[in-house]
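**Student:** Can you read through this structure? Questions will come right after.
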Amino acid sequence: MMQDLPRMARCLLVGAALLGMVCAALALLVGLGAQAQTTVAAPNLSAPGVAWAGFVAPRQPNYAIARLFNDYANPATGLGPVTDGPAHPYVNNEVAREMKTEPTYRVADLDNAAAKNLMPWVREALAKQNELALRGRNGETREARCWETGVPAFHLNPGLMHIIQTPKEVVLFLTGRTRHIFLDVPHAANPRPSWYGESVGHYEGDTLVVDTIGFNDKTFVDSYRTPHSDKLHVVERVRLIDGGNTLEVAFTVEDPGAFYQPWSGTRNRHRVVNPNAKIAEFGCSEANDDYYNIGLEPVPTAPRSAF
Amino acid sequence: MRVAHVCGVSLALAIAGSATACSAALAAADISGTYWATSYSPNIQVLGGGEAPLNAAGKAAYEMNQKGLKDGSIADKARRVCVPDGVPRVLATPYPFEIFQVPASQVTFVYEMNHEVRVIVMDKPLPTLDSVIADPRYNGHSVGHWDGDTLVVETVGFFEKTFLDATGLPHSDEMTTVERIRKVGRGLEDIITIHDPDMYTKDWQARFIYDERDDVRLEDYACNDTHRDLSGVKGVEGRR
């Protein structure tokens, strides 16, 4: 205890000094007759035991909710993401369960406005993927094959997202994948291309704004396997809505190498309080072979043990 | 006038209150930050020297692992397909890692390699082996508490297929470990005690040290990818 005293004294002193400053500031405000105006605080995304679920099954079967099990929602205005079309409606596992039908692989609508925004090489890639999916091949998501998802596809996983928030950094954890967002720093001049790019963030009132560049071109922007170039630039606006019960991620994607115009989408998560639901370790490739020989993409594999 | 009065009272209350808060805060040392080892060894280095004290079953398992790793009948999945290394092998990582102490209910180790994450739940009792043996984890189930400036981490409930090091040193699913983790100068030290009577004749220890590296940011890691330059880590050079 004795050896702690100086630290204790320092701690108390700092506390008293801070309080003093607050009081002085308050007195100044009152003295100036200023209106007591609370500034909007940055969102608290990482309270103990709190995580953010991408999907919570509704009590009654609800197609509109089940539909968003693992998809982006359209933006309020403007161009949205690639979607399915009337010819081949996508039935995800949740919809299949609720509607008592069979799930399907995803087939992109190549005639809607979102598809017309794709540069020819992107459309061709999707047309090829559509053919495979219709033949029952290669329809799993990249994520299901243990590949890094990239941005914004990171958000599609319906599982629990945990967030660690410090003054310097926000870290997102979602089913074995980790993204680092560095706060209040500029982008590097030439970030080394990577799976999740270089994310820098800042708070605008109640919103965390994340700007990401420096991607490699090995990921897809969605689960339809829409490719992108290394010119991809994603801006995500993250805030709490619905009285803090919903984490809204509204994002805009631009890529002059793949899309004619920027497009947007949203992905909401629900607040879940469960102190026992820790950030999960994840051995994705532990047992992930192509058991049924349906042309699954191989999991990422190192050629040899390097060390 | 009123503000002065309110501030006077709250100052008095705050001093009393913060005495409690400050002594609580003193219980936790700050070990948050980014760390990176400067050397790597495929063999875990037993503290005090010598070999890990394998018993007969341990020796048999080690020989089987070594033979299997050599002839390819056993895959080193932590390296080939990047599943988590498990404890203590993850402590030997030649890549940087980052420690977070928020929220206060946990200490989180975020590793660059295999994007592994270890969550140490603070100030909770260690689960019994019986309660977790059917729910094994690569890194086990960990709880922690502060002993002065040292974070003490106890872990139970390991997935038996991991190795203790890159040479295939074995363990059973009944292994338990205790780690004592503290800042040493500008670095971090983790001394781990391995308790596994199924494989070892007595408890043994290994020590891992890391440099604090505020200049380093964790990078993405995918198994088939080219990763960061490890030429600053002795023992890895030429192996990548």
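The chains in the structure tokens are called A, B, ... from first to last as shown; in each chain the residues are counted from 1, and the ligands are counted from 1 in the order shown.
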Residues at most 8 Å from Val233 in chain B, counting only C-alpha atoms, excluding those fewer than 3 positions away in the same chain, as an MDAnalysis selection string?
**Tutor:** chainID B and resid 37:40 94 230 236:237
**Student:** Would you mind exporting the chosen residues as a PDB file, in the first residue's frame, restricted to C-alpha atoms?
**Tutor:**
ATOM      1  CA  ALA B  37       9.166 -10.767 -30.360  1.00  0.00           C
ATOM      2  CA  THR B  38      12.707 -10.354 -31.652  1.00  0.00           C
ATOM      3  CA  SER B  39      13.487 -14.042 -31.810  1.00  0.00           C
ATOM      4  CA  TYR B  40      11.735 -17.262 -32.683  1.00  0.00           C
ATOM      5  CA  PRO B  94       7.096 -14.220 -34.810  1.00  0.00           C
ATOM      6  CA  LEU B 230      10.169 -10.948 -40.532  1.00  0.00           C
ATOM      7  CA  VAL B 236      12.797 -17.011 -38.789  1.00  0.00           C
ATOM      8  CA  GLU B 237      15.114 -15.412 -41.313  1.00  0.00           C
TER       9      GLU B 237
END
**Student:** Which residues of range 109-129 of chain A come within 8 Å of range 243-264 of chain A, and what is each one's closest atom pair and distance in Å (one decimal), counting only C-alpha atoms, sorted by chain and residue number, as a Markdown table?
**Tutor:**
| residue | atom | partner | partner_atom | distance |
| --- | --- | --- | --- | --- |
| A:Asn117 | CA | A:Tyr260 | CA | 5.3 |
| A:Leu118 | CA | A:Phe259 | CA | 4.8 |
| A:Met119 | CA | A:Ala258 | CA | 5.3 |
| A:Trp121 | CA | A:Ala258 | CA | 7.7 |
| A:Val122 | CA | A:Ala258 | CA | 6.3 |
**Student:** Which residues, written as a ChimeraX atom specification, have at least one atom at most 6 Å from range 170-183 of chain A, with only C-alpha atoms counted and residues fewer than 3 positions away on the same chain left out?
**Tutor:** /A:161-165,199-202,281-282
**Student:** Between A:Gly214, A:Pro89, A:Gly139, A:Pro186, which is the closest to Ile294 in chain A once you count only C-alpha atoms?
**Tutor:**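 Distance minimum relative to Ile294 in chain A lands on A:Gly139.
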**Student:** Just how far from CA of Glu116 in chain B is CA of Ala57 in chain B, in Å to one decimal?
**Tutor:**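 About the pair CA of Ala57 in chain B and CA of Glu116 in chain B: they are 29.7 Å apart.
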**Student:** Can you tell me which residues surround Glu174 in chain B at a distance of at most 10 Å, considering only C-alpha atoms, apart from same-chain residues fewer than 2 positions away, and format the answer as number ranges by chain?
**Tutor:** B: 129-130, 133, 136, 156-160, 171-172, 176, 195-199
**Student:** Write out as a PyMOL selection string the residues lying within 10 Å of range 43-48 of chain B, counting only C-alpha atoms and excluding same-chain residues fewer than 3 positions away.
**Tutor:** chain B and resi 40+51-53+88-89+91-92+164-169+191-193+204-208
**Student:** Would you pick out the contacts of range 61-66 of chain B at 6 Å or less, using only C-alpha atoms, so that residues sharing its chain but fewer than 2 positions from it are not included, and give the list as an NGL selection string?
**Tutor:** :B and (58-59 or 68-69 or 168-170)
**Student:** Give the strand (DSSP E or B) residues of range 174-295 of chain A, as DSSP finds them on the backbone, and put them as a PyMOL selection string.
**Tutor:** chain A and resi 174+177-183+194+198-204+207-213+215+220+227+233-241+246-254+259+263-273
**Student:** Put those residues in a file: C-alpha atoms, as a compact mmCIF listing (two decimals), in the first residue's frame.
**Tutor:**
# COMPACT_ATOMS: atom_id res chain seq x y z
CA LEU A 174 -16.68 -10.99 -36.63
CA ARG A 177 -12.11 -11.99 -38.88
CA THR A 178 -10.56 -8.82 -37.56
CA ARG A 179 -10.51 -5.27 -38.92
CA HIS A 180 -8.46 -2.44 -37.47
CA ILE A 181 -9.65 1.17 -37.87
CA PHE A 182 -7.10 3.79 -36.88
CA LEU A 183 -8.62 7.01 -35.54
CA SER A 194 -4.47 -5.86 -48.30
CA GLU A 198 -6.21 0.67 -44.76
CA SER A 199 -9.07 2.00 -42.62
CA VAL A 200 -8.87 5.40 -40.96
CA GLY A 201 -11.74 6.79 -38.94
CA HIS A 202 -13.03 9.79 -37.06
CA TYR A 203 -16.19 10.75 -35.19
CA GLU A 204 -18.65 13.18 -36.70
CA THR A 207 -21.23 8.76 -36.14
CA LEU A 208 -18.00 6.87 -36.67
CA VAL A 209 -16.89 7.59 -40.22
CA VAL A 210 -14.49 5.02 -41.68
CA ASP A 211 -12.61 5.62 -44.90
CA THR A 212 -10.86 2.64 -46.47
CA ILE A 213 -8.49 2.37 -49.43
CA PHE A 215 -7.39 -3.03 -51.04
CA PHE A 220 -15.76 -9.63 -53.73
CA PRO A 227 -15.39 -8.42 -58.18
CA HIS A 233 -12.73 3.02 -51.92
CA VAL A 234 -15.33 2.41 -49.23
CA VAL A 235 -16.78 4.91 -46.76
CA GLU A 236 -18.75 3.47 -43.87
CA ARG A 237 -20.86 5.55 -41.49
CA VAL A 238 -21.47 3.68 -38.25
CA ARG A 239 -23.93 4.93 -35.62
CA LEU A 240 -26.39 3.76 -33.02
CA ILE A 241 -30.06 4.22 -33.80
CA THR A 246 -29.38 -1.02 -33.50
CA LEU A 247 -25.94 -0.53 -34.99
CA GLU A 248 -26.39 0.98 -38.43
CA VAL A 249 -23.63 0.65 -40.99
CA ALA A 250 -24.38 2.77 -44.06
CA PHE A 251 -21.68 2.46 -46.70
CA THR A 252 -20.80 3.84 -50.10
CA VAL A 253 -18.61 1.99 -52.55
CA GLU A 254 -16.72 3.62 -55.36
CA PHE A 259 -18.37 0.55 -61.28
CA TRP A 263 -23.36 2.73 -55.00
CA SER A 264 -24.55 2.33 -51.45
CA GLY A 265 -26.11 -0.07 -49.01
CA THR A 266 -26.80 -0.55 -45.33
CA ARG A 267 -26.39 -3.41 -42.92
CA ASN A 268 -27.94 -3.15 -39.48
CA ARG A 269 -27.02 -5.18 -36.41
CA HIS A 270 -28.98 -5.73 -33.24
CA ARG A 271 -27.63 -5.12 -29.77
CA VAL A 272 -27.17 -8.35 -27.83
CA VAL A 273 -26.18 -8.37 -24.16
**Student:** Find the residues near Gly295 in chain A: any atom within 8 Å, counting only C-alpha atoms, skip ones fewer than 5 places away on the same chain, and give them as a PDB file with C-alpha atoms, in the first residue's frame.
**Tutor:**
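Saved the output as result36.pdb:
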ATOM      1  CA  ARG A 137     -21.431 -25.257 -58.489  1.00  0.00           C
ATOM      2  CA  ASN A 138     -19.329 -22.714 -56.624  1.00  0.00           C
ATOM      3  CA  ASP A 290     -15.273 -30.487 -50.497  1.00  0.00           C
TER       4      ASP A 290
END
**Student:** From the set B:His145, B:Lys202, B:Lys124, B:His115, which residue has the shortest atom-to-atom contact distance to chain A, counting only C-alpha atoms?
**Tutor:**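 Among the listed residues, B:His115 lies closest to chain A.
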**Student:** May I ask which of the residues B:Pro125, B:Gly49, B:Pro103, B:Gly232 is the closest one to chain A, counting only C-alpha atoms?
**Tutor:**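 Using only C-alpha atoms, chain A sits closest to B:Pro103.
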**Student:** As JSON, numbers by chain, which residues of range 17-234 of chain B does DSSP assign to helix (DSSP H, G or I)?
**Tutor:** {"B": [17, 18, 19, 20, 21, 22, 23, 24, 25, 26, 56, 57, 58, 59, 60, 61, 62, 63, 64, 65, 66, 67, 68, 69, 70, 71, 77, 78, 79, 80, 89, 90, 91, 92, 113, 114, 115, 129, 130, 131, 132]}
**Student:** Between CA of Thr150 in chain B and CA of Ala78 in chain B, measure the distance and give it in Å to one decimal.
**Tutor:** 29.1 Å
**Student:** Under the rule that only C-alpha atoms are counted, which of A:Arg67, A:Lys100, A:Arg59, A:Lys218 is the nearest residue to chain B?
**Tutor:**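 Closest to chain B of all the choices is A:Lys218.
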